[in-house]
Each structure stands twice: as C-alpha cells, then as structure tokens.
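Remarks on the structure that follows.
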Amino acid sequence: MSDPQPARPDPVQPADAEARALAFALLTGANHAALAVTDPETGTPGISRIAFGLDPQGCPLTLVSALAPHRAALAAHPAAAVMVGEVGDKGDPLTHPRLMIRVMAEFIPRDSADHPAIRAHWLQAHPKAKLYVDFADFAFVRLRPLSALLNGGFARAFRLAPEDLLPPV
C-alpha cells in the first residue's frame, strides 16, 4: 500500500545570517529563561524559570541554588533545554520570536580559573545577585549548546548549530 499523503518538505530551514542575528538578539536580550530538565527521581520532565545570561565568551549561563529542584536535575541529567524569547504586547503569542536550545549543563567549580571572570560578568547583567552570588549553595552552570531551533514568527523556523549562536561578525 502506498502512503496517501505526499511527503512534505521540511518546514525548518537551515540558519541564515538573519536567523543567526535574531537568535543572538534573543540570547543577549534575555535575563531569564525557561529551563526544561529531567526529574532525577521520576524521570519525568519539568520546567523552571531561571536567571539567564551569557558568560564572557557568549555561552548561555545560569546561577542556581542547591535548594532549587532543577539543580539536582541538572546534576543527575545534564542534558536539558532552554527557551528564551518574550511575548510582545500585541498579537498572537505564537507569532513572536523564540529560541529553544538543547544544552549540556556544566557546573563551574568556585575554584576554577574562569570563575572570577564569570562572577564579575554575571553581576554586570544581574546586579541584585550580589546579595547571594557568594552563598555556598549557589553555583554557576554553563549551558553549553548542542543545537537550537529558532521560531522567528509565522513560517520562519530555523535549525541552528552551536556556532550559529555566537556574536555575528
């Protein structure tokens, strides 16, 4: 038997310069994000709102407390996903750009050589974090991109590689 439905072309396009610029704008404009993790006890997915920024090299980053359930989830299952992009004041929320990044979480030890630079960079974008950034239960987590999907609005979907998320040249 033949398939009655003809094969459709993939609606997700490879990244172009405009898509890369939009993805970078979404990344640099975000100070929070949605983080999808796998619960270590149940194996089910969960989502948390997190503080979000970029490290000095432009890699996604967050600062999390040991009290947050998503920290234990990232420690047990470092594969995760992050979504950035805000709904605008008008129009259908699904027409506003958003970027979903598949990531691998990497905890940054306090005694690592790059911790001081990451801390200083984070505090420039998140000055209120000065109240708790040095508490023993807080840790920076680099969210190293594996791949990404950009929805730039109606009929504007793009696949991005990690290098597509770097600053445009």
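Chain identifiers are assigned as A, B, and so on, following the order in which chains appear in the structure tokens; residues are numbered from 1 within each chain, and ligands are numbered from 1 in order of appearance.
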Which residues, written as a ChimeraX atom specification, have at least one atom at most 7 Å from segment 61-66 of chain A, with only C-alpha atoms counted and residues fewer than 6 positions away on the same chain left out? /A:50-55,137-143
Who sits within 9 Å of Val37 of chain A, only C-alpha atoms, same chain under 6 positions skipped, as a PyMOL selection string: chain A and resi 44-48+70+73-74+77-81
Export C-alpha atoms of the chosen residues as a short mmCIF file (atom, residue, chain, number, x, y, z; two decimals), in the first residue's frame?
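After the write, result-v1.cif holds the following:
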data_model
loop_
_atom_site.label_atom_id
_atom_site.label_comp_id
_atom_site.auth_asym_id
_atom_site.auth_seq_id
_atom_site.Cartn_x
_atom_site.Cartn_y
_atom_site.Cartn_z
CA THR A 44 9.64 12.87 34.02
CA PRO A 45 10.19 16.31 32.50
CA GLY A 46 9.95 19.52 34.45
CA ILE A 47 10.29 23.22 33.68
CA SER A 48 11.68 26.04 35.79
CA HIS A 70 16.37 21.92 38.83
CA ALA A 73 18.02 17.52 38.00
CA LEU A 74 20.93 19.09 36.07
CA HIS A 77 20.85 14.51 33.95
CA PRO A 78 22.91 17.32 32.39
CA ALA A 79 21.06 17.14 29.06
CA ALA A 80 18.44 19.89 29.17
CA ALA A 81 16.76 22.58 27.08
#
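Residue nearest Asp164 of chain A within the list A:Ala117, A:Ala7, A:Ala15, A:Ala76: A:Ala15 [criterion: smallest interatomic distance, only C-alpha atoms].
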Among segment 47-100 of chain A, which ones does DSSP assign to strand (DSSP E) (computed from the backbone)? Answer as a list of chain:residue names.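 Taking segment 47-100 of chain A and keeping strand (DSSP E) only, one gets A:Ile47, A:Ser48, A:Arg49, A:Ile50, A:Ala51, A:Gly53, A:Leu54, A:Pro60, A:Leu61, A:Thr62, A:Leu63, A:Val64, A:Ser65, A:Ala79, A:Ala80, A:Ala81, A:Val82, A:Met83, A:Val84, A:Arg98, A:Leu99, A:Met100.
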Residue set, segment 76-165 of chain A restricted to alpha helix (DSSP H), as a ChimeraX atom specification: /A:76,115-125
Taking a cut-off of 12 Å and counting only C-alpha atoms, can you build a table that, for each residue of segment 21-46 of chain A near segment 147-159 of chain A, reports the nearest atom pair and how far apart they are in Å (one decimal), sorted by chain then residue number, as JSON lines?
{"residue": "A:Ala21", "atom": "CA", "partner": "A:Leu150", "partner_atom": "CA", "distance": 10.9}
{"residue": "A:Leu22", "atom": "CA", "partner": "A:Gly152", "partner_atom": "CA", "distance": 7.7}
{"residue": "A:Ala23", "atom": "CA", "partner": "A:Leu150", "partner_atom": "CA", "distance": 6.7}
{"residue": "A:Phe24", "atom": "CA", "partner": "A:Leu150", "partner_atom": "CA", "distance": 10.5}
{"residue": "A:Ala25", "atom": "CA", "partner": "A:Gly152", "partner_atom": "CA", "distance": 11.5}
{"residue": "A:Leu26", "atom": "CA", "partner": "A:Leu150", "partner_atom": "CA", "distance": 9.7}
{"residue": "A:Leu27", "atom": "CA", "partner": "A:Leu150", "partner_atom": "CA", "distance": 11.2}
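Take atom CA of Glu86 of chain A and atom CA of Pro162 of chain A: the distance between them is 21.4 Å.
Compared by their closest atoms to Pro145 of chain A, and using only C-alpha atoms, the residues A:Lys90, A:Arg102, A:His32, A:Arg119 rank with A:Arg102 nearest.
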One decimal, in Å: what's the spacing between atom CA of Leu67 of chain A and atom CA of Gly43 of chain A?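 Atom CA of Gly43 of chain A lies 19.1 Å from atom CA of Leu67 of chain A.
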Pick the closest to Ala30 of chain A from A:Ala136, A:Ala68, A:Ala75, A:Val82: which is it, counting only C-alpha atoms?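 The closest residue to Ala30 of chain A is A:Val82.
Minimum distance to Pro40 of chain A across A:Thr28, A:Met83, A:Gln57, A:Ala72 (counting only C-alpha atoms) occurs at A:Ala72.
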One decimal, Å: what's the distance from atom CA of Arg144 of chain A over to atom CA of Val103 of chain A, could you say? 5.2 Å
